[in-house]
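Structure file input_33.txt; described as compact mmCIF, C-alpha atoms and all ligand atoms.
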# COMPACT_ATOMS: atom_id res chain seq x y z
CA MET A 1 -11.77 15.53 -18.06
CA THR A 2 -9.21 16.58 -15.56
CA GLU A 3 -7.00 19.62 -15.14
CA TYR A 4 -4.08 17.24 -14.39
CA LYS A 5 -2.77 16.20 -17.82
CA ASN A 6 0.83 15.43 -16.82
CA ILE A 7 1.24 13.63 -13.56
CA ILE A 8 4.23 12.15 -11.77
CA VAL A 9 3.60 8.84 -10.02
CA THR A 10 6.41 8.11 -7.57
CA GLY A 11 6.90 4.42 -6.82
CA GLY A 12 4.90 3.62 -9.97
CA ALA A 13 6.93 0.44 -10.59
CA GLY A 14 5.91 -1.03 -7.23
CA PHE A 15 2.75 -2.92 -6.28
CA ILE A 16 0.11 -0.25 -5.64
CA GLY A 17 1.76 2.46 -7.74
CA SER A 18 1.84 0.26 -10.85
CA ASN A 19 -1.78 -0.76 -10.36
CA PHE A 20 -2.63 2.96 -10.18
CA VAL A 21 -0.71 3.62 -13.41
CA HIS A 22 -2.69 0.85 -15.16
CA TYR A 23 -5.91 2.31 -13.71
CA VAL A 24 -5.19 5.83 -15.00
CA VAL A 25 -4.08 4.62 -18.43
CA ASN A 26 -7.27 2.58 -18.78
CA ASN A 27 -9.71 5.14 -17.42
CA HIS A 28 -8.31 8.60 -18.21
CA PRO A 29 -7.07 8.74 -21.80
CA GLU A 30 -6.14 12.44 -21.57
CA VAL A 31 -3.51 11.88 -18.84
CA ASN A 32 0.22 11.27 -19.38
CA ILE A 33 2.31 9.74 -16.61
CA THR A 34 5.94 10.03 -15.60
CA VAL A 35 6.83 7.24 -13.20
CA LEU A 36 9.69 8.21 -10.87
CA ASP A 37 11.02 5.02 -9.31
CA LYS A 38 14.38 3.97 -7.93
CA LEU A 39 13.71 0.32 -8.83
CA THR A 40 14.69 -1.00 -5.42
CA TYR A 41 14.19 -4.74 -4.75
CA ALA A 42 10.44 -3.91 -4.68
CA GLY A 43 10.28 -2.04 -8.00
CA ASN A 44 9.96 -3.94 -11.26
CA ARG A 45 9.91 -2.63 -14.84
CA ALA A 46 7.78 -5.63 -15.75
CA ASN A 47 4.88 -4.11 -13.77
CA LEU A 48 4.61 -1.45 -16.49
CA ALA A 49 5.04 -3.78 -19.47
CA GLY A 50 2.54 -3.33 -22.28
CA LEU A 51 1.54 0.21 -21.35
CA PRO A 52 1.59 2.78 -24.19
CA GLU A 53 5.06 4.37 -24.43
CA ASP A 54 3.66 7.70 -25.56
CA ARG A 55 1.68 8.00 -22.32
CA VAL A 56 3.86 6.33 -19.68
CA LYS A 57 7.54 7.19 -19.20
CA LEU A 58 9.74 5.57 -16.55
CA VAL A 59 12.46 7.73 -14.98
CA VAL A 60 14.74 5.62 -12.80
CA GLY A 61 15.79 7.80 -9.89
CA ASP A 62 15.52 8.59 -6.20
CA ILE A 63 12.78 10.79 -4.73
CA ALA A 64 15.43 12.17 -2.36
CA ASP A 65 17.46 13.51 -5.33
CA ALA A 66 16.44 17.19 -5.16
CA GLU A 67 17.92 18.15 -8.53
CA LEU A 68 16.08 15.41 -10.41
CA VAL A 69 12.87 15.96 -8.45
CA ASN A 70 12.89 19.72 -9.11
CA LYS A 71 13.39 19.15 -12.83
CA LEU A 72 10.50 16.69 -13.10
CA VAL A 73 8.12 18.57 -10.81
CA SER A 74 8.67 21.85 -12.71
CA GLN A 75 7.16 20.14 -15.79
CA ALA A 76 4.21 18.43 -14.04
CA ASP A 77 0.63 19.36 -13.04
CA ALA A 78 0.44 16.97 -10.09
CA VAL A 79 2.44 14.42 -8.09
CA VAL A 80 0.86 11.25 -6.71
CA HIS A 81 3.33 9.94 -4.15
CA TYR A 82 3.47 6.17 -3.63
CA ALA A 83 7.25 5.60 -3.39
CA ALA A 84 8.24 4.17 -0.04
CA GLU A 85 10.00 1.43 1.77
CA SER A 86 6.85 -0.49 2.61
CA HIS A 87 7.54 -3.67 4.57
CA ASN A 88 7.26 -3.73 8.37
CA ASP A 89 9.48 -6.80 8.79
CA ASN A 90 12.32 -5.15 6.83
CA SER A 91 11.99 -2.01 8.94
CA LEU A 92 12.57 -4.10 12.06
CA ILE A 93 15.84 -5.45 10.60
CA ASP A 94 17.18 -2.14 9.18
CA PRO A 95 15.21 1.11 9.60
CA SER A 96 17.67 3.34 7.73
CA PRO A 97 16.18 3.24 4.19
CA PHE A 98 12.76 3.90 5.74
CA ILE A 99 14.03 7.17 7.19
CA GLU A 100 15.78 8.15 3.94
CA THR A 101 12.98 7.37 1.52
CA ASN A 102 9.82 7.84 3.55
CA ILE A 103 10.87 10.97 5.43
CA ILE A 104 13.67 12.70 3.48
CA GLY A 105 12.18 11.59 0.14
CA THR A 106 8.75 13.01 1.00
CA TYR A 107 10.37 16.23 2.25
CA THR A 108 12.23 16.58 -1.07
CA LEU A 109 9.01 16.13 -3.06
CA ILE A 110 6.92 18.60 -1.05
CA GLU A 111 9.67 21.21 -1.21
CA ALA A 112 9.65 20.91 -5.02
CA CYS A 113 5.83 21.06 -5.15
CA ARG A 114 5.86 24.14 -2.96
CA LYS A 115 8.46 25.81 -5.19
CA TYR A 116 6.54 25.15 -8.42
CA GLY A 117 2.98 25.37 -7.01
CA VAL A 118 2.25 21.79 -8.03
CA ARG A 119 -0.65 19.72 -6.62
CA PHE A 120 0.51 16.88 -4.33
CA HIS A 121 -1.29 13.75 -3.19
CA HIS A 122 0.34 11.77 -0.39
CA VAL A 123 -0.43 8.06 -0.23
CA SER A 124 -0.22 6.76 3.30
CA THR A 125 -1.36 3.93 5.52
CA ASP A 126 -3.79 3.22 8.33
CA GLU A 127 -0.80 1.98 10.35
CA VAL A 128 -0.02 5.57 11.39
CA TYR A 129 -2.90 5.19 13.88
CA GLY A 130 -1.30 2.21 15.62
CA ASP A 131 -3.65 -0.65 16.37
CA LEU A 132 -7.10 -1.31 17.83
CA PRO A 133 -8.01 -3.99 20.36
CA LEU A 134 -9.35 -7.26 18.97
CA ARG A 135 -13.15 -7.25 18.96
CA GLU A 136 -13.18 -10.35 21.17
CA ASP A 137 -11.36 -8.34 23.85
CA LEU A 138 -13.94 -5.52 23.80
CA PRO A 139 -17.12 -5.43 25.88
CA GLY A 140 -20.04 -6.80 23.85
CA HIS A 141 -17.49 -7.93 21.20
CA GLY A 142 -16.93 -4.36 20.07
CA GLU A 143 -20.39 -3.69 18.68
CA GLY A 144 -21.16 0.04 18.76
CA VAL A 145 -17.96 0.95 20.59
CA GLY A 146 -16.79 3.32 17.84
CA GLU A 147 -13.84 1.05 17.34
CA LYS A 148 -12.57 2.02 13.88
CA PHE A 149 -9.94 4.50 12.71
CA THR A 150 -11.30 7.88 11.60
CA PRO A 151 -9.44 10.92 10.20
CA GLU A 152 -9.46 12.28 13.77
CA SER A 153 -7.79 9.24 15.34
CA ARG A 154 -4.60 9.89 17.28
CA TYR A 155 -1.26 9.13 15.60
CA LYS A 156 0.28 6.19 17.48
CA PRO A 157 2.56 4.23 15.10
CA SER A 158 4.21 1.03 16.31
CA SER A 159 7.03 0.12 13.90
CA PRO A 160 9.90 1.94 12.20
CA TYR A 161 7.89 1.66 8.96
CA SER A 162 4.67 3.12 10.34
CA SER A 163 6.46 5.83 12.30
CA SER A 164 8.32 6.91 9.15
CA LYS A 165 4.98 7.09 7.29
CA ALA A 166 3.46 9.04 10.21
CA SER A 167 6.39 11.47 10.03
CA SER A 168 5.82 12.01 6.33
CA ASP A 169 2.08 12.63 6.88
CA LEU A 170 2.91 15.28 9.49
CA LEU A 171 5.37 17.00 7.14
CA VAL A 172 2.65 17.21 4.48
CA ARG A 173 0.14 18.61 6.99
CA ALA A 174 2.64 21.25 8.12
CA TRP A 175 3.51 22.22 4.53
CA VAL A 176 -0.20 22.74 3.83
CA ARG A 177 -0.69 24.93 6.86
CA SER A 178 2.56 26.92 6.79
CA PHE A 179 3.28 27.16 3.06
CA GLY A 180 -0.12 26.66 1.42
CA LEU A 181 0.99 23.41 -0.27
CA LYS A 182 -1.91 22.16 -2.42
CA ALA A 183 -1.99 18.70 -0.88
CA THR A 184 -4.32 15.91 0.20
CA ILE A 185 -3.51 12.77 2.19
CA SER A 186 -5.05 9.32 2.07
CA ASN A 187 -4.56 6.55 4.62
CA CYS A 188 -5.54 3.16 3.22
CA SER A 189 -5.86 -0.29 4.74
CA ASN A 190 -4.07 -3.49 3.56
CA ASN A 191 -4.11 -3.93 -0.22
CA TYR A 192 -4.11 -7.18 -2.15
CA GLY A 193 -4.04 -8.03 -5.86
CA PRO A 194 -1.55 -8.64 -8.67
CA TYR A 195 2.07 -7.36 -8.66
CA GLN A 196 2.40 -7.45 -4.85
CA HIS A 197 5.91 -8.36 -3.73
CA ILE A 198 6.18 -11.93 -2.43
CA GLU A 199 7.55 -10.76 0.93
CA LYS A 200 3.99 -9.67 1.86
CA PHE A 201 1.50 -11.98 3.62
CA ILE A 202 -0.92 -13.03 0.85
CA PRO A 203 1.55 -13.49 -2.04
CA ARG A 204 4.07 -15.14 0.29
CA GLN A 205 1.58 -17.86 1.20
CA ILE A 206 0.33 -18.34 -2.38
CA THR A 207 3.87 -18.67 -3.75
CA ASN A 208 4.87 -20.92 -0.84
CA ILE A 209 2.12 -23.36 -1.80
CA LEU A 210 3.07 -23.09 -5.50
CA SER A 211 6.69 -23.87 -4.49
CA GLY A 212 5.89 -26.80 -2.20
CA ILE A 213 6.71 -24.81 0.97
CA ARG A 214 4.30 -24.75 3.92
CA PRO A 215 2.66 -21.35 4.54
CA LYS A 216 3.89 -19.42 7.58
CA LEU A 217 1.52 -17.78 10.07
CA TYR A 218 2.92 -15.34 12.63
CA GLY A 219 1.93 -16.10 16.23
CA SER A 220 -1.72 -16.95 16.88
CA GLY A 221 -3.03 -15.66 13.54
CA LYS A 222 -5.68 -13.66 15.43
CA ASN A 223 -4.34 -10.32 14.14
CA VAL A 224 -6.91 -8.56 11.97
CA ARG A 225 -6.26 -6.65 8.75
CA ASP A 226 -8.89 -4.70 6.77
CA TRP A 227 -8.38 -5.95 3.19
CA ILE A 228 -9.10 -3.85 0.10
CA HIS A 229 -8.49 -4.74 -3.54
CA THR A 230 -5.80 -2.51 -4.99
CA ASN A 231 -8.12 -1.41 -7.85
CA ASP A 232 -10.46 0.11 -5.27
CA HIS A 233 -7.51 1.94 -3.71
CA SER A 234 -6.68 3.35 -7.18
CA SER A 235 -10.20 4.64 -7.82
CA ALA A 236 -10.24 6.29 -4.40
CA VAL A 237 -6.87 8.02 -4.92
CA TRP A 238 -7.97 9.31 -8.34
CA MET A 239 -11.15 10.68 -6.81
CA ILE A 240 -9.28 12.41 -3.98
CA LEU A 241 -6.73 13.85 -6.42
CA THR A 242 -9.41 15.31 -8.64
CA LYS A 243 -12.27 16.09 -6.21
CA GLY A 244 -10.73 16.10 -2.73
CA LYS A 245 -10.53 19.23 -0.62
CA ILE A 246 -7.03 20.68 -0.21
CA GLY A 247 -5.59 20.06 3.24
CA GLU A 248 -7.92 17.15 3.99
CA THR A 249 -7.15 13.59 5.02
CA TYR A 250 -9.33 10.77 3.65
CA LEU A 251 -9.38 7.23 4.97
CA ILE A 252 -9.74 4.50 2.36
CA GLY A 253 -11.18 1.11 3.31
CA ALA A 254 -13.69 -1.42 2.02
CA ASP A 255 -15.00 -3.05 5.23
CA GLY A 256 -12.80 -6.09 4.65
CA GLU A 257 -11.78 -7.10 8.18
CA LYS A 258 -10.43 -10.65 8.49
CA ASN A 259 -7.94 -12.28 10.80
CA ASN A 260 -4.77 -13.76 9.31
CA LYS A 261 -5.78 -17.34 10.11
CA GLU A 262 -9.08 -16.90 8.21
CA VAL A 263 -7.25 -15.46 5.19
CA LEU A 264 -4.73 -18.29 5.21
CA GLU A 265 -7.45 -20.93 5.51
CA LEU A 266 -9.23 -19.38 2.52
CA ILE A 267 -6.01 -19.49 0.46
CA LEU A 268 -5.51 -23.15 1.45
CA GLU A 269 -9.10 -23.98 0.49
CA LEU A 270 -8.90 -22.18 -2.87
CA MET A 271 -5.60 -23.95 -3.62
CA GLY A 272 -6.94 -27.41 -2.73
CA GLN A 273 -4.87 -27.85 0.47
CA SER A 274 -5.85 -29.12 3.90
CA SER A 275 -6.87 -26.33 6.30
CA GLU A 276 -4.05 -27.40 8.65
CA ALA A 277 -1.23 -27.44 6.08
CA TYR A 278 0.72 -24.49 7.50
CA ASP A 279 3.35 -23.70 10.17
CA GLN A 280 2.94 -21.29 13.05
CA VAL A 281 6.17 -19.29 13.33
CA LYS A 282 7.69 -16.63 15.57
CA ASP A 283 5.48 -13.57 15.99
CA ARG A 284 6.47 -10.13 14.66
CA PRO A 285 7.83 -7.90 17.48
CA GLY A 286 5.31 -5.16 18.30
CA HIS A 287 2.77 -6.87 15.98
CA ASP A 288 -0.27 -4.59 15.58
CA LEU A 289 -3.44 -6.42 16.66
CA ARG A 290 -6.14 -4.97 14.49
CA TYR A 291 -6.73 -2.32 11.81
CA ALA A 292 -10.20 -1.17 10.77
CA ILE A 293 -11.12 1.83 8.64
CA ASP A 294 -14.16 4.06 8.82
CA SER A 295 -14.33 5.46 5.27
CA THR A 296 -17.59 7.43 5.77
CA LYS A 297 -15.97 10.77 4.89
CA LEU A 298 -14.67 9.52 1.53
CA ARG A 299 -17.98 7.84 0.71
CA GLU A 300 -20.24 10.72 1.79
CA GLU A 301 -18.19 13.76 0.71
CA LEU A 302 -16.81 12.40 -2.55
CA GLY A 303 -19.29 9.62 -3.37
CA TRP A 304 -16.64 6.86 -3.62
CA LYS A 305 -17.53 3.23 -3.18
CA PRO A 306 -15.51 0.05 -3.60
CA GLU A 307 -16.33 -2.35 -6.44
CA PHE A 308 -14.25 -5.43 -5.59
CA THR A 309 -15.91 -6.35 -2.31
CA ASP A 310 -16.15 -10.13 -2.83
CA PHE A 311 -12.92 -11.07 -1.05
CA LYS A 312 -13.05 -14.75 -1.98
CA SER A 313 -13.34 -13.99 -5.67
CA GLY A 314 -10.63 -11.28 -5.49
CA LEU A 315 -8.37 -13.76 -3.73
CA LYS A 316 -9.10 -16.42 -6.36
CA HIS A 317 -8.08 -13.98 -9.14
CA THR A 318 -4.93 -13.10 -7.20
CA ILE A 319 -4.04 -16.80 -6.82
CA ASP A 320 -4.63 -17.27 -10.57
CA TRP A 321 -2.35 -14.32 -11.33
CA TYR A 322 0.58 -15.73 -9.30
CA THR A 323 -0.05 -19.18 -10.80
CA GLU A 324 0.02 -17.81 -14.35
CA ASN A 325 2.94 -15.44 -13.78
CA ARG A 326 5.54 -17.69 -12.14
CA SER A 327 8.38 -15.99 -14.04
CA TRP A 328 7.44 -12.69 -12.34
CA TRP A 329 8.33 -14.06 -8.86
CA GLU A 330 10.18 -17.39 -9.12
CA ASP A 331 13.75 -16.05 -9.31
CA GLU A 332 13.34 -14.15 -6.04
CA LYS A 333 11.55 -16.80 -4.02
CA GLN A 334 14.57 -18.53 -2.50
CA ALA A 335 16.24 -15.29 -1.37
CA VAL A 336 13.03 -14.00 0.22
CA GLU A 337 12.47 -17.26 2.11
CA SER A 338 16.07 -17.53 3.34
CA LYS A 339 15.87 -13.99 4.73
CA TYR A 340 12.71 -14.99 6.64
CA ALA A 341 14.31 -18.28 7.77
CA GLN A 342 17.27 -16.39 9.28
CA ASN A 343 14.72 -14.54 11.36
CA GLY A 344 12.86 -17.68 12.45
CA GLN A 345 9.87 -16.80 10.25
P1 LIG B 1 6.13 -1.45 -2.80
O1 LIG B 1 7.23 -1.73 -1.84
O2 LIG B 1 5.53 -2.59 -3.57
O3 LIG B 1 6.59 -0.37 -3.88
C1 LIG B 1 7.35 0.77 -3.53
C2 LIG B 1 7.94 1.36 -4.80
O4 LIG B 1 8.68 2.54 -4.43
C3 LIG B 1 8.94 0.43 -5.51
O5 LIG B 1 8.69 0.44 -6.90
C4 LIG B 1 10.29 1.03 -5.21
O6 LIG B 1 11.28 0.79 -6.21
C5 LIG B 1 9.95 2.51 -5.08
N1 LIG B 1 10.92 3.25 -4.25
C6 LIG B 1 11.39 2.90 -3.02
N2 LIG B 1 12.27 3.82 -2.59
C7 LIG B 1 12.34 4.78 -3.54
C8 LIG B 1 13.07 5.99 -3.67
N3 LIG B 1 13.90 6.40 -2.71
N4 LIG B 1 12.89 6.73 -4.78
C9 LIG B 1 12.05 6.32 -5.77
N5 LIG B 1 11.36 5.18 -5.72
C10 LIG B 1 11.50 4.42 -4.61
O7 LIG B 1 5.02 -0.70 -1.94
P2 LIG B 1 3.43 -0.72 -2.05
O8 LIG B 1 2.91 -1.81 -1.21
O9 LIG B 1 3.04 -0.63 -3.47
O10 LIG B 1 3.07 0.66 -1.31
C11 LIG B 1 3.01 1.88 -2.04
C12 LIG B 1 2.58 3.00 -1.11
O11 LIG B 1 1.31 2.73 -0.57
C13 LIG B 1 3.52 3.22 0.08
O12 LIG B 1 3.65 4.60 0.30
C14 LIG B 1 2.81 2.54 1.23
O13 LIG B 1 3.16 3.14 2.46
C15 LIG B 1 1.37 2.81 0.86
N6 LIG B 1 0.40 1.84 1.38
C16 LIG B 1 0.57 0.50 1.16
C17 LIG B 1 -0.39 -0.40 1.61
C18 LIG B 1 -0.25 -1.89 1.36
O14 LIG B 1 -1.13 -2.65 1.75
N7 LIG B 1 0.78 -2.36 0.66
C19 LIG B 1 -1.52 0.08 2.29
C20 LIG B 1 -1.65 1.46 2.51
C21 LIG B 1 -0.69 2.32 2.03
O1 LIG B 2 4.52 -14.62 6.43
C1 LIG B 2 3.77 -13.85 7.03
N1 LIG B 2 2.91 -14.36 7.97
C2 LIG B 2 2.04 -13.58 8.67
O2 LIG B 2 1.28 -14.11 9.51
C3 LIG B 2 3.75 -12.43 6.78
C4 LIG B 2 4.69 -11.83 5.77
C5 LIG B 2 2.85 -11.66 7.48
N2 LIG B 2 2.02 -12.20 8.41
C6 LIG B 2 1.03 -11.35 9.10
C7 LIG B 2 1.54 -10.05 9.66
C8 LIG B 2 0.34 -9.12 9.51
O3 LIG B 2 -0.52 -9.28 10.62
O4 LIG B 2 0.07 -10.98 8.10
C9 LIG B 2 -0.39 -9.64 8.27
C10 LIG B 2 -0.08 -8.84 7.01
O5 LIG B 2 1.34 -8.70 6.93
P1 LIG B 2 2.06 -7.83 5.80
O6 LIG B 2 1.66 -8.33 4.46
O7 LIG B 2 3.50 -7.77 6.13
O8 LIG B 2 1.32 -6.42 5.96
P2 LIG B 2 1.21 -5.37 7.19
O9 LIG B 2 2.33 -5.48 8.12
O10 LIG B 2 -0.19 -5.46 7.72
O11 LIG B 2 1.39 -4.00 6.36
C11 LIG B 2 0.75 -3.83 5.07
O12 LIG B 2 -0.40 -3.03 5.17
C12 LIG B 2 -0.22 -1.66 5.46
C13 LIG B 2 1.73 -3.22 4.06
O13 LIG B 2 2.89 -4.02 3.96
C14 LIG B 2 2.07 -1.80 4.44
O14 LIG B 2 2.89 -1.22 3.44
C15 LIG B 2 0.79 -1.01 4.56
O15 LIG B 2 1.08 0.26 5.02
Translate this structure into structure tokens?
Amino acid sequence: MTEYKNIIVTGGAGFIGSNFVHYVVNNHPEVNITVLDKLTYAGNRANLAGLPEDRVKLVVGDIADAELVNKLVSQADAVVHYAAESHNDNSLIDPSPFIETNIIGTYTLIEACRKYGVRFHHVSTDEVYGDLPLREDLPGHGEGVGEKFTPESRYKPSSPYSSSKASSDLLVRAWVRSFGLKATISNCSNNYGPYQHIEKFIPRQITNILSGIRPKLYGSGKNVRDWIHTNDHSSAVWMILTKGKIGETYLIGADGEKNNKEVLELILELMGQSSEAYDQVKDRPGHDLRYAIDSTKLREELGWKPEFTDFKSGLKHTIDWYTENRSWWEDEKQAVESKYAQNGQ
């Protein structure tokens, strides 16, 4: 049982937020959820379809709308904050919504939580720490060099997206220290699973193959991401919300480092394609080389551990989901690909 019976989930109609809503509905029957979501291009009512209406309510609105936020927060026990502009490539084309939503939106939420004494959990990313060198470029291939992100790592964001997330993390930290905001922060690595927007790497390649388009790999494909199944992210956030220490930052990761070329080759194999059936395209400007999370603190202090650690089987389920849910993504595919094509990607 939890003391948080009525929670607000911002961005709960997006990829990770909606997976969290499903997780809470399935695992914590005493909790009611208000999803606050603007339904931008990345938000989708369909992600919440089938959930019990008496437990999950969708409020369509902006997290930067102080009047609406104050009204909702005054009636809640906790806020779990996922809403964000989340795509690096978009932030390189137009940073402005990233500043509005990720910085001003977070500010609006923490001001309301401060006013009403409401518990706040801030969902953030490992990208605030910038990148790490590739293991192959480290002496002894990086073994024992202490080469992962920890909660003490220096903030060093590279893109407009990651710098806006870093800004929001720092606001939360300051509100804890100066105003006693009851907040925790989590920084998670790259998520995969169902309901992820098809602009992102894994679903873009799966839906390319399903549409007869060749997958697109940026640059050399050597860049490393530390993959975690979104269900494991959800269990970690719930644990931090309910057992985490106020003011603390927890890093969430499942030891899932892989380079992009390896991931793409696995998708091609699982979808019955030749391992060379893809195009190498223009690299992302400022492309972070490698992310890797040390989640010891979360595992040792709170006893969390990931369940979905077989990447190949998680990827297979994800491919099956996009194959079986064509209507969820098909209408948007052409527009997403023409935006990339304009950019040479
Ligand atoms: P997403 O883009 O799929 O979903 C974002 C959701 O926020 C959408 O439903 C959108 O409509 C909503 N939203 C955007 N602006 C809003 C506003 N102003 N007011 C209200 N709602 C708004 O993103 P995601 O990949 O699910 O990421 C969710 C959170 O997790 C983000 O904070 C992101 O930084 C963080 N995160 C993501 C990853 C990842 O791998 N995707 C990893 C670590 C952390
Ligand atoms: O078509 C592509 N080809 C490609 O090679 C795309 C879309 C991406 N890539 C590469 C770029 C990255 O190295 O794949 C990797 C993953 O790309 P994205 O899916 O865009 O994710 P990334 O930039 O790593 O950021 C993600 O993880 C951290 C989320 O989008 C962020 O919201 C989260 O904070």
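If you count all atoms listed in the file and draw a sphere of 8 Å around (-1.2, -1.3, -6.2), the protein and nucleic acid residues inside it come out as Gly14, Phe15, Ile16, Gly17, Ser18, Asn19, Phe20, Asn191, Tyr192, Gly193, Pro194, Tyr195, Gln196, Thr230, Asn231, His233 and Ser234 of chain A.
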Could you take the residues named above and write them with C-alpha atoms, as a PDB file, in the coordinates of the input?
ATOM      1  CA  GLY A  14       5.910  -1.030  -7.230  1.00  0.00           C
ATOM      2  CA  PHE A  15       2.750  -2.920  -6.280  1.00  0.00           C
ATOM      3  CA  ILE A  16       0.110  -0.250  -5.640  1.00  0.00           C
ATOM      4  CA  GLY A  17       1.760   2.460  -7.740  1.00  0.00           C
ATOM      5  CA  SER A  18       1.840   0.260 -10.850  1.00  0.00           C
ATOM      6  CA  ASN A  19      -1.780  -0.760 -10.360  1.00  0.00           C
ATOM      7  CA  PHE A  20      -2.630   2.960 -10.180  1.00  0.00           C
ATOM      8  CA  ASN A 191      -4.110  -3.930  -0.220  1.00  0.00           C
ATOM      9  CA  TYR A 192      -4.110  -7.180  -2.150  1.00  0.00           C
ATOM     10  CA  GLY A 193      -4.040  -8.030  -5.860  1.00  0.00           C
ATOM     11  CA  PRO A 194      -1.550  -8.640  -8.670  1.00  0.00           C
ATOM     12  CA  TYR A 195       2.070  -7.360  -8.660  1.00  0.00           C
ATOM     13  CA  GLN A 196       2.400  -7.450  -4.850  1.00  0.00           C
ATOM     14  CA  THR A 230      -5.800  -2.510  -4.990  1.00  0.00           C
ATOM     15  CA  ASN A 231      -8.120  -1.410  -7.850  1.00  0.00           C
ATOM     16  CA  HIS A 233      -7.510   1.940  -3.710  1.00  0.00           C
ATOM     17  CA  SER A 234      -6.680   3.350  -7.180  1.00  0.00           C
TER      18      SER A 234
END
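Of the residues listed (A:Ile206, A:Ala183, A:Ala254, A:Leu289), A:Leu289 shows the shortest atom-to-atom separation from Ser220 in chain A; distances use only C-alpha atoms.
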Among listed residues A:Val128, A:Leu138, A:Ile99, A:Ile252, nearest ligand LIG 2 (chain B) (using all atoms listed in the file):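 Distance minimum relative to ligand LIG 2 (chain B) lands on A:Val128.
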Residue neighbourhood range 155-170 of chain A, 9 Å, all atoms listed in the file, exclusion window fewer than 4 positions, as JSON, numbers by chain: {"A": [84, 85, 86, 87, 88, 89, 90, 91, 92, 94, 95, 98, 99, 101, 102, 103, 104, 105, 106, 107, 122, 123, 124, 125, 126, 127, 128, 129, 130, 131, 174, 175, 185, 285, 286, 287, 288]}
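By only C-alpha atoms, and with residues fewer than 2 positions from range 301-314 of chain A along its chain excluded, the set lying at most 7 Å from it is His229, Asp232, Ala236, Lys243, Ala254, Lys297, Leu298, Arg299, Lys316, His317 and Thr318 of chain A.
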Mind filling out range 251-261 of chain A with N, CA, C and O atoms and sending it as a PDB file, keeping the file's coordinate frame?
ATOM      1  N   LEU A 251      -9.701   8.619   4.679  1.00  0.00           N
ATOM      2  CA  LEU A 251      -9.380   7.230   4.970  1.00  0.00           C
ATOM      3  C   LEU A 251     -10.029   6.329   3.933  1.00  0.00           C
ATOM      4  O   LEU A 251     -11.219   6.487   3.627  1.00  0.00           O
ATOM      5  N   ILE A 252      -9.234   5.392   3.408  1.00  0.00           N
ATOM      6  CA  ILE A 252      -9.740   4.500   2.360  1.00  0.00           C
ATOM      7  C   ILE A 252      -9.809   3.069   2.898  1.00  0.00           C
ATOM      8  O   ILE A 252      -8.800   2.515   3.347  1.00  0.00           O
ATOM      9  N   GLY A 253     -11.010   2.490   2.843  1.00  0.00           N
ATOM     10  CA  GLY A 253     -11.180   1.110   3.310  1.00  0.00           C
ATOM     11  C   GLY A 253     -12.467   0.553   2.740  1.00  0.00           C
ATOM     12  O   GLY A 253     -13.365   1.307   2.352  1.00  0.00           O
ATOM     13  N   ALA A 254     -12.550  -0.777   2.679  1.00  0.00           N
ATOM     14  CA  ALA A 254     -13.690  -1.420   2.020  1.00  0.00           C
ATOM     15  C   ALA A 254     -14.409  -2.415   2.936  1.00  0.00           C
ATOM     16  O   ALA A 254     -15.006  -3.384   2.464  1.00  0.00           O
ATOM     17  N   ASP A 255     -14.343  -2.167   4.254  1.00  0.00           N
ATOM     18  CA  ASP A 255     -15.000  -3.050   5.230  1.00  0.00           C
ATOM     19  C   ASP A 255     -14.600  -4.511   5.035  1.00  0.00           C
ATOM     20  O   ASP A 255     -15.449  -5.403   4.968  1.00  0.00           O
ATOM     21  N   GLY A 256     -13.299  -4.740   4.965  1.00  0.00           N
ATOM     22  CA  GLY A 256     -12.800  -6.090   4.650  1.00  0.00           C
ATOM     23  C   GLY A 256     -12.043  -6.754   5.797  1.00  0.00           C
ATOM     24  O   GLY A 256     -11.063  -7.459   5.559  1.00  0.00           O
ATOM     25  N   GLU A 257     -12.522  -6.539   7.026  1.00  0.00           N
ATOM     26  CA  GLU A 257     -11.780  -7.100   8.180  1.00  0.00           C
ATOM     27  C   GLU A 257     -11.782  -8.627   8.190  1.00  0.00           C
ATOM     28  O   GLU A 257     -12.844  -9.247   8.076  1.00  0.00           O
ATOM     29  N   LYS A 258     -10.569  -9.182   8.349  1.00  0.00           N
ATOM     30  CA  LYS A 258     -10.430 -10.650   8.490  1.00  0.00           C
ATOM     31  C   LYS A 258      -9.185 -10.907   9.318  1.00  0.00           C
ATOM     32  O   LYS A 258      -8.196 -10.177   9.189  1.00  0.00           O
ATOM     33  N   ASN A 259      -9.197 -11.976  10.122  1.00  0.00           N
ATOM     34  CA  ASN A 259      -7.940 -12.280  10.800  1.00  0.00           C
ATOM     35  C   ASN A 259      -7.048 -13.127   9.890  1.00  0.00           C
ATOM     36  O   ASN A 259      -7.511 -13.705   8.899  1.00  0.00           O
ATOM     37  N   ASN A 260      -5.738 -13.136  10.217  1.00  0.00           N
ATOM     38  CA  ASN A 260      -4.770 -13.760   9.310  1.00  0.00           C
ATOM     39  C   ASN A 260      -5.039 -15.249   9.124  1.00  0.00           C
ATOM     40  O   ASN A 260      -4.826 -15.793   8.040  1.00  0.00           O
ATOM     41  N   LYS A 261      -5.520 -15.900  10.196  1.00  0.00           N
ATOM     42  CA  LYS A 261      -5.780 -17.340  10.110  1.00  0.00           C
ATOM     43  C   LYS A 261      -6.919 -17.598   9.106  1.00  0.00           C
ATOM     44  O   LYS A 261      -6.836 -18.494   8.277  1.00  0.00           O
TER      45      LYS A 261
END
